[in-house]
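Worksheet: one structure, shown below.
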Amino acid sequence: MNVRVNGTLLGIALLLVVGLIAPLLVYPTFMMKVWCFALFACAFNLLLGYTGLLSFGHAAFLSVGGYLAGHACKAWGFTPELGILLGTCAGGAVGYVFGWLAIRRSGIYFAMITLALSQMIYFVWLQAPFTGGEDGLQGVPRGRAFGLIDLDNIYAMYYFVFAVFMAGFLLIYRTIHSPFGQVLKSIRENEPRAISLGYDVDRFKVLAFTLSAALSGTAGATKTLVFQLASLSDAHWHMSGEVVLMTLLGGLGTVFGPVVGALLVITLQNQLPQGVGAWVPVIMGSIFVVCVTAFRRGIVGELQALFRR
Amino acid sequence: MKKVIKQVAAIGAAGALLAAGVAFSQAKVSDGIVKIGVLTDLSGLYSDLAGPGSVLAAQMAIDDFRAETKGGAPFKIEIVSADHLNKGDIAANRAREWFERDNVDMIADLVTTSTALAVMPIAQKLGKITIVSGAASTLITNEQCTENNVHWTYDTYALANGTGRAVVKQGGDSWYFLTADYAFGHSLEKDTGAVVQASGGKVLGAVRHPFPGTDFSSFLLKAQASGAKVIGLANAGTDTTNSIRQASEFGITPKQQLAGLLMFVSDVHSLGPKVAGGMYLTETFYWDLNEQTRAWSKRFFDKQKRMPTMVHAGVYSGVLHYLRSVAATGTDDAKAVMGRMRATPVNDFFAPGARIREDGRLIKDAYLFQVKTPAESKGPWDLYHLRQTIPADQAWQPLADSRCALVTKKK
Amino acid sequence: MAELLGITPQALFGQLLVGLINGSFYAILSLGLAIIFGLLNIINFTHGAQYMMGAFIAWIGFYKLGEWVGNPDLVVNYWWSLLLAPLAVGAFGILIEKTLLKRLYHLDHLYGLLLTFGIALICEGLFRTWFGISGLRYDVPAQLTGGQNLGFMFMPNYRAWVVVASLAVCFVTWFVIERTKLGSYLRAGTENPRLLQAFGINVPLMITLTYGYGVALAAFAGVLAAPIFQVNPLMGSNLIIVVFAVVVIGGMGSIAGAIVTGVGLGLIEGVVKSGVIATVIDKATSGSPIVAQAIYPVKLLFQPEASAVIIFVVMVIVLLVRPAGLFGREK
């Protein structure tokens with residue numbers, strides 16, 4: 001146990017170093033995208049990996065955070081950190097409602113219900129006047145963080161995004177290792193047993209769902225600030241599928257898996273040469289099939305198993 | 001940790017120096033290369049009306065510019081292209097990468113309104129130019145207008161204005177709209193409705209269909225029940241072609257007349273004169289207008305095996321005008337080039353003598369066409385009768401009605 | 001009556017008929033999902049892609065196959081496609097079940113969902129690279145062109161055929177499962193596969209064939225849809241989510257339930273598209289602006305443009321009232 005905790009701490013240190021020097025080596029905007037999606041995937045992992053609930057509608061929370069933060073910064077003059085805070089709260093609020101509805105069924109039904117609910121959110125964005133519908137919400141100002149740091153500077157923006165990511169990441173890490181997190185894991189392993197031990201399982205599930213949705217909202221809000229726009233692709237169910245893929249590929253129920261998965265998937269999407277773009281879904285689908293049939297522990301999960309041997 | 005902070009500080013300082021350097025080197029073309037990015041729909045719904053044809057059109061403009069200057073221009077020209085999949089976020093991503101990392105100076109085409117609106121503010125912020133050809137919305141030159149943008153080819157106002165007025169004049173004085181339920185469809189419906197009423201027609205109502213739609217039958221039935229003479233299709237692309245087909249399936253046409261409010265020659269070509277014959281539509285270009293358009297279109301056809309759409313012609317025209325302006329000012333600084341572009345009239349087959357207005361709207365003639373019937377059409381691309389030339393000063397939204405901050409500020 | 005509804009009863013009837021056409025697609029697709037779920041306990045996310053593939057096989061048979069094999073006279077017409085496309089796609093489904101799905105039966109059912117989602121992405125992506133996404137046209141077969149003037153509306157013959165054909169297939173499927181010996185094995189397999197195996201029935205084979213049949217139903221619907229909607233690689237991906245909602249509403253416990261829910265929701269969609277409910281709400285609240293204001297958000301859900309979400313709204317209501325679905329039982 002001791003060794004493993006140290007391994008995790010080592011991992012966090014490594015993550016910190018990589019995050020700090022990355023903009024020297026790679027195009028910073030690309031890395032910002034990676035951190036946003038890594039946070040999104042980590043939040044998703046909290047639900048699927050640690051609570052055993054497969055949501056197929058997480059794009060809804062990403063877009064709730066993105067659109068509300070974008071609108072607040074653009075129309076109401078919110079500072080970026082307040083915008084992200086708003087996006088987080090909004091994501092959490094919508095997550096609470098979704099969770100409350102969806103936990104009435106379990107397993108596959110749960111997945112389908114979240115999918116259907118997120119599709120409703122998609123139509124809300126298509127209709128709502130402030131989102132610009134199909135056109136998207138553009139020209140979101142990056143503004144000054146805390147009224148001081150000018151985020152139009154690409155490096156300032158980068159470290160701001162990285163700080164948001166680290167905060168979210170550490171929060172999830174703490175949650176997993178708290179008594180609350182232990183209860184979640186016990187629900188994943190054996191729900192009837194958790195009930196018989198006297199835990200109000202439904203309440204824990206809704207709480208986990210809300211937290212996961214809130215952090216997805218954070219990721220969406222941050223992403224909107226990076227690209228200065230929010231669009232319908234964030235709300236589309238393909239996005240929900242993408243985050244499942246990132247988590248699955250990196251390693252379900254591992255601390256670093258989603259980060260690795262997000263890095264790989266985003267790199268893949270970005271690096272494919274011209275003309276091969278249409279193959280992206282084919283490649284992603286193939287990764288899905290391989291992961292599910294032969295590689296269920298994901299990259300980080302396999303590595304951990306290797307070291308533990 | 002301290003070391004890292006130092007490094008960060010160093011990066012920051014370097015960035016500042018770089019920015020200062022850019023500011024002082026306005027006098028000539030940066031790094032000796034003018035780089036043009038064609039950001040378009042290479043694989044999706046609009047790849048026929050823009051897509052690879054737009055890349056070809058931009059290349060033709062570069063070739064013609066080289067021929068004009070006989071290689072005398074003191075800079076190299078490069079062209080890059082990418083697929084924006086009609087998504088704003090992908091377009092914004094790519095544009096940012098091109099501007100920040102690859103030193104692209106100007107982006108052309110931008111097929112859907114979402115991509116145009118996503119890229120324009122980024123270009124404005126980073127001091128680059130956009131020349132929008134493919135997108136339709138009047139937002140581009142109104143609420144969302146920017147100094148560094150020109151809306152080159154067409155917009156919904158011009159199309160609604162041309163078609164709406166003409167159809168009312170032909171006796172189609174009661175309208176019912178079939179509208180795609182998103183911003184673009186609403187604005188097309190509103191603009192056309194205003195024109196119909198101004199020309200003495202009546203608008204009986206509208207039904208909005210989810211976007212994108214596949215089955216229009218129930219909406220068409222509502223339109224049929226309204227008893228209007230004309231059903232205005234305030235939608236685009238496959239939504240339009242599908243509604244036209246299904247209208248004929250349910251026996252709605254030819255009892256009631258359809259008016260396509262945003263249709264391109266490529267759509268009409270794929271529907272064929274049998275389905276589309278007799279319809280009125282407005283475009284700003286048709287290959288068979290005059291000697292010059294035929295000559296250019298033939299060159300285009302030889303390479304692309306399709307006749308050019310107005311979007312293709314617009315990309316050519318915009319890129320050529322941009323390059324001439326860069327040559328004349330001797331710099332790729334956005335402000336200087338844009339000043340020159342606005343100061344000089346366009347000189348080519350697409351928009352002879354046309355000028356760019358304060359709000360970024362290119363002011364040129366538009367044309368009202370009627371689609372030929374199968375008996376009249378002599379070839380697969382022989383599709384239009386020219387019914388009316390709408391002069392430049394009447395075709396576009398009057399500047400007095402502008403909601404563009406660049407215009408209203410001055411008032 | 002017409003005063004109250006804002007449209008004539010004839011027009012409303014027309015809308016219901018159009019709703020019935022969509023409803024028969026929902027019915028046949030949710031039926032396939034329900035059969036597969038009953039025996040395999042997985043939700044077949046590939047269902048939409050298989051529906052799309054049915055349409056494409058019909059299109060290829062009609063327009064391309066002759067060219068590909070070098071014999072331009074070879075044309076697989078619509079009627080043959082109606083038979084061959086389900087067979088081909090069903091065979092493809094059996095291949096998937098034999099090679100991939102089979103490995104997952106001992107795991108959490110969610111893995112089955114993820115696997116079929118991956119396969120759906122691959123299929124859609126491949127067809128997209130081969131055929132683009134602009135949509136291809138498939139002509140209505142010559143025997144079914146034209147239509148009947150029913151007085152209240154003009155009913156294209158082809159659409160009438162779609163309703164008849166799909167409801168007939170649904171009925172036959174229901175009959176086989178609920179009323180024949182073969183069907184009794186199937187139902188027994190759903191209840192307790194181990195016991196059935198002990199009776200000497202080849203359960204793995206039954207599972208494979210069931211998956212094949214469910215998939216073939218999707219392909220059949222695809223061929224039916226080809227002349228109405230354009231043949232497009234993404235035609236199934238948006239439909240499948242609606243059908244998922246249909247399945248949640250109906251609950252997957254019963255075959256008849258899946259059919260009835262599908263048709264019923266198609267009709268509800270038709271009513272919403274006609275705008276009748278919105279008009280009635282308007283009329284009913286015209287007396288007091290305050291009530292009208294309060295009820296406005298509800299009214300928004302019944303505007304014609306909200307027809308795309310009405311099924312999800314119904315789903316939420318059903319979940320609140322009867323979590324197991326209208327015809328369902330918790331598994």
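Identifiers for the structure tokens are assigned positionally: chains receive A, B, ... in sequence, residues are indexed from 1 per chain, and ligands are indexed from 1 in the order shown.
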- [ ] Write out as a VMD selection string each polymer residue whose atoms come within 12 Å of Val161 of chain A, counting only C-alpha atoms; drop sequence neighbours fewer than 5 positions from it.
- [x] chain A and resid 19 to 20 23 28 to 39 80 to 81 84 142 145 151 154 to 156 166 to 168 218 to 227
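Residues in contact range of Thr113 of chain B, defined as at most 8 Å between only C-alpha atoms, with sequence neighbours fewer than 3 positions away removed, read Asp135 of chain A; Leu110, Ala116, Leu117, Ala135, Ala136, Ser137 and Ile140 of chain B.
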Would you export the selected residues with N, CA and C atoms as a compact mmCIF listing (two decimals), in the first residue's frame, please?
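Produced file selection.txt, reproduced below:
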```txt
# COMPACT_ATOMS: atom_id res chain seq x y z
N ASP A 135 -24.99 28.39 -35.23
CA ASP A 135 -23.82 29.23 -35.46
C ASP A 135 -22.82 29.18 -34.31
N LEU B 110 -14.77 29.74 -45.89
CA LEU B 110 -15.62 29.61 -44.69
C LEU B 110 -17.09 29.40 -45.07
N ALA B 116 -17.70 30.92 -40.22
CA ALA B 116 -17.31 32.31 -40.47
C ALA B 116 -17.31 33.10 -39.17
N LEU B 117 -18.39 32.98 -38.41
CA LEU B 117 -18.49 33.75 -37.17
C LEU B 117 -17.45 33.31 -36.15
N ALA B 135 -20.38 31.54 -46.64
CA ALA B 135 -21.40 31.69 -45.61
C ALA B 135 -22.46 32.70 -46.03
N ALA B 136 -23.66 32.57 -45.44
CA ALA B 136 -24.80 33.30 -45.96
C ALA B 136 -25.33 34.40 -45.06
N SER B 137 -25.15 34.29 -43.75
CA SER B 137 -25.92 35.11 -42.83
C SER B 137 -25.56 36.58 -42.90
N ILE B 140 -22.91 38.50 -40.46
CA ILE B 140 -21.49 38.69 -40.75
C ILE B 140 -21.17 40.15 -41.02
```
Contact table segment 76-169 of chain B vs segment 241-261 of chain B, cut-off 8 Å, shortest pair per residue, only C-alpha atoms, as JSON lines:
```
{"residue": "B:Leu159", "atom": "CA", "partner": "B:Leu261", "partner_atom": "CA", "distance": 6.4}
{"residue": "B:Ala160", "atom": "CA", "partner": "B:Leu261", "partner_atom": "CA", "distance": 6.0}
{"residue": "B:Thr163", "atom": "CA", "partner": "B:Leu261", "partner_atom": "CA", "distance": 6.9}
{"residue": "B:Val167", "atom": "CA", "partner": "B:Ala259", "partner_atom": "CA", "distance": 7.9}
```
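Interface residues on chain B toward chain A (cut-off 7 Å, only C-alpha atoms): Gly12, Ala82, Gly88, Asp89, Ala92, Asn93, Thr113, Ser114, Leu117, Ala118, Pro121, Tyr182 and Ala183 of chain B.
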How about saving the chosen residues, C-alpha atoms kept, as a short mmCIF file (atom, residue, chain, number, x, y, z; two decimals), in the first residue's frame?
```cif
data_model
loop_
_atom_site.label_atom_id
_atom_site.label_comp_id
_atom_site.auth_asym_id
_atom_site.auth_seq_id
_atom_site.Cartn_x
_atom_site.Cartn_y
_atom_site.Cartn_z
CA GLY B 12 6.88 35.78 -21.39
CA ALA B 82 -8.17 22.31 -44.55
CA GLY B 88 -17.35 26.35 -35.65
CA ASP B 89 -15.04 24.83 -33.07
CA ALA B 92 -11.65 28.18 -34.86
CA ASN B 93 -9.08 25.61 -33.81
CA THR B 113 -22.14 30.88 -40.97
CA SER B 114 -20.96 29.04 -37.86
CA LEU B 117 -18.49 33.75 -37.17
CA ALA B 118 -16.01 31.58 -35.29
CA PRO B 121 -13.07 37.47 -34.25
CA TYR B 182 -32.30 27.73 -36.26
CA ALA B 183 -30.89 31.23 -36.51
#
```
Distance query Ala294 of chain A at most 12 Å, only C-alpha atoms, self and fewer than 4 positions along chain excluded, as a PDB file with C-alpha atoms, in the first residue's frame:
```pdb
ATOM      1  CA  LEU A 248     -11.517   3.313 -21.347  1.00  0.00           C
ATOM      2  CA  LEU A 249      -8.312   3.612 -23.364  1.00  0.00           C
ATOM      3  CA  SER A 286     -11.526   0.249 -33.704  1.00  0.00           C
ATOM      4  CA  ILE A 287      -9.877   1.390 -30.466  1.00  0.00           C
ATOM      5  CA  PHE A 288     -13.218   0.858 -28.740  1.00  0.00           C
ATOM      6  CA  VAL A 289     -13.487  -2.680 -30.052  1.00  0.00           C
ATOM      7  CA  VAL A 290      -9.911  -3.545 -29.116  1.00  0.00           C
ATOM      8  CA  GLY A 298      -6.588   0.266 -20.402  1.00  0.00           C
ATOM      9  CA  ILE A 299      -3.011   1.487 -20.729  1.00  0.00           C
ATOM     10  CA  GLU A 302      -2.156  -2.745 -17.694  1.00  0.00           C
TER      11      GLU A 302
ATOM     12  CA  LEU C 100     -16.836 -10.431 -30.662  1.00  0.00           C
ATOM     13  CA  ARG C 103     -16.577 -13.006 -25.533  1.00  0.00           C
ATOM     14  CA  LEU C 104     -18.451 -10.495 -23.426  1.00  0.00           C
ATOM     15  CA  TYR C 111     -19.228  -3.750 -22.189  1.00  0.00           C
ATOM     16  CA  LEU C 115     -18.526  -2.755 -28.080  1.00  0.00           C
TER      17      LEU C 115
END
```
TODO: Rounded to one decimal place, report the atom CA of Met341 of chain B-atom CA of Val132 of chain B distance in Å.
DONE: 14.3 Å
Task: At most 6 Å to chain B: residues in chain C, only C-alpha atoms, as an NGL selection string - done: :C and (15 or 133-134 or 154 or 229 or 305)
Sorted by chain and rising residue number, which residues of chain C lie within 8 Å of chain A, and what are their closest atom pairs and distances in Å to one decimal, counting only C-alpha atoms, as a tab-separated table?
```
residue	atom	partner	partner_atom	distance
C:Ile42	CA	A:Ile108	CA	7.7
C:Ile43	CA	A:Ile108	CA	7.0
C:Leu100	CA	A:Thr293	CA	7.0
C:Arg103	CA	A:Thr293	CA	7.1
C:Leu104	CA	A:Thr293	CA	7.3
C:His109	CA	A:Ile108	CA	7.1
C:Leu110	CA	A:Ile108	CA	6.3
C:Tyr111	CA	A:Val292	CA	6.3
C:Leu113	CA	A:Ile108	CA	7.6
C:Leu114	CA	A:Phe288	CA	7.1
C:Leu115	CA	A:Val289	CA	5.4
C:Phe117	CA	A:Gly285	CA	7.5
C:Gly118	CA	A:Gly285	CA	4.0
C:Ile119	CA	A:Gly285	CA	5.9
C:Ala120	CA	A:Gly285	CA	7.3
C:Leu121	CA	A:Gly285	CA	4.9
C:Ile122	CA	A:Val282	CA	4.2
C:Cys123	CA	A:Val282	CA	7.3
C:Glu124	CA	A:Val282	CA	7.7
C:Gly125	CA	A:Val282	CA	5.0
C:Leu126	CA	A:Val282	CA	6.4
C:Arg128	CA	A:Ala278	CA	7.2
C:Thr129	CA	A:Ala278	CA	6.0
C:Ile241	CA	A:Ala116	CA	6.7
C:Val242	CA	A:Ala116	CA	7.6
C:Phe244	CA	A:Met112	CA	6.4
C:Ala245	CA	A:Ala116	CA	6.2
C:Val248	CA	A:Tyr109	CA	6.8
C:Val309	CA	A:Met120	CA	6.2
C:Phe312	CA	A:Ala116	CA	6.2
C:Val316	CA	A:Leu101	CA	7.6
C:Leu319	CA	A:Leu101	CA	7.3
C:Leu320	CA	A:Leu101	CA	7.4
C:Pro323	CA	A:Arg104	CA	6.2
C:Ala324	CA	A:Arg105	CA	7.5
```
TODO: Could you jot down the atom CA of Ala327 of chain B to atom CA of Lys28 of chain B separation for me, Å, one decimal place?
DONE: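 We find that atom CA of Ala327 of chain B and atom CA of Lys28 of chain B lie 10.2 Å from each other.
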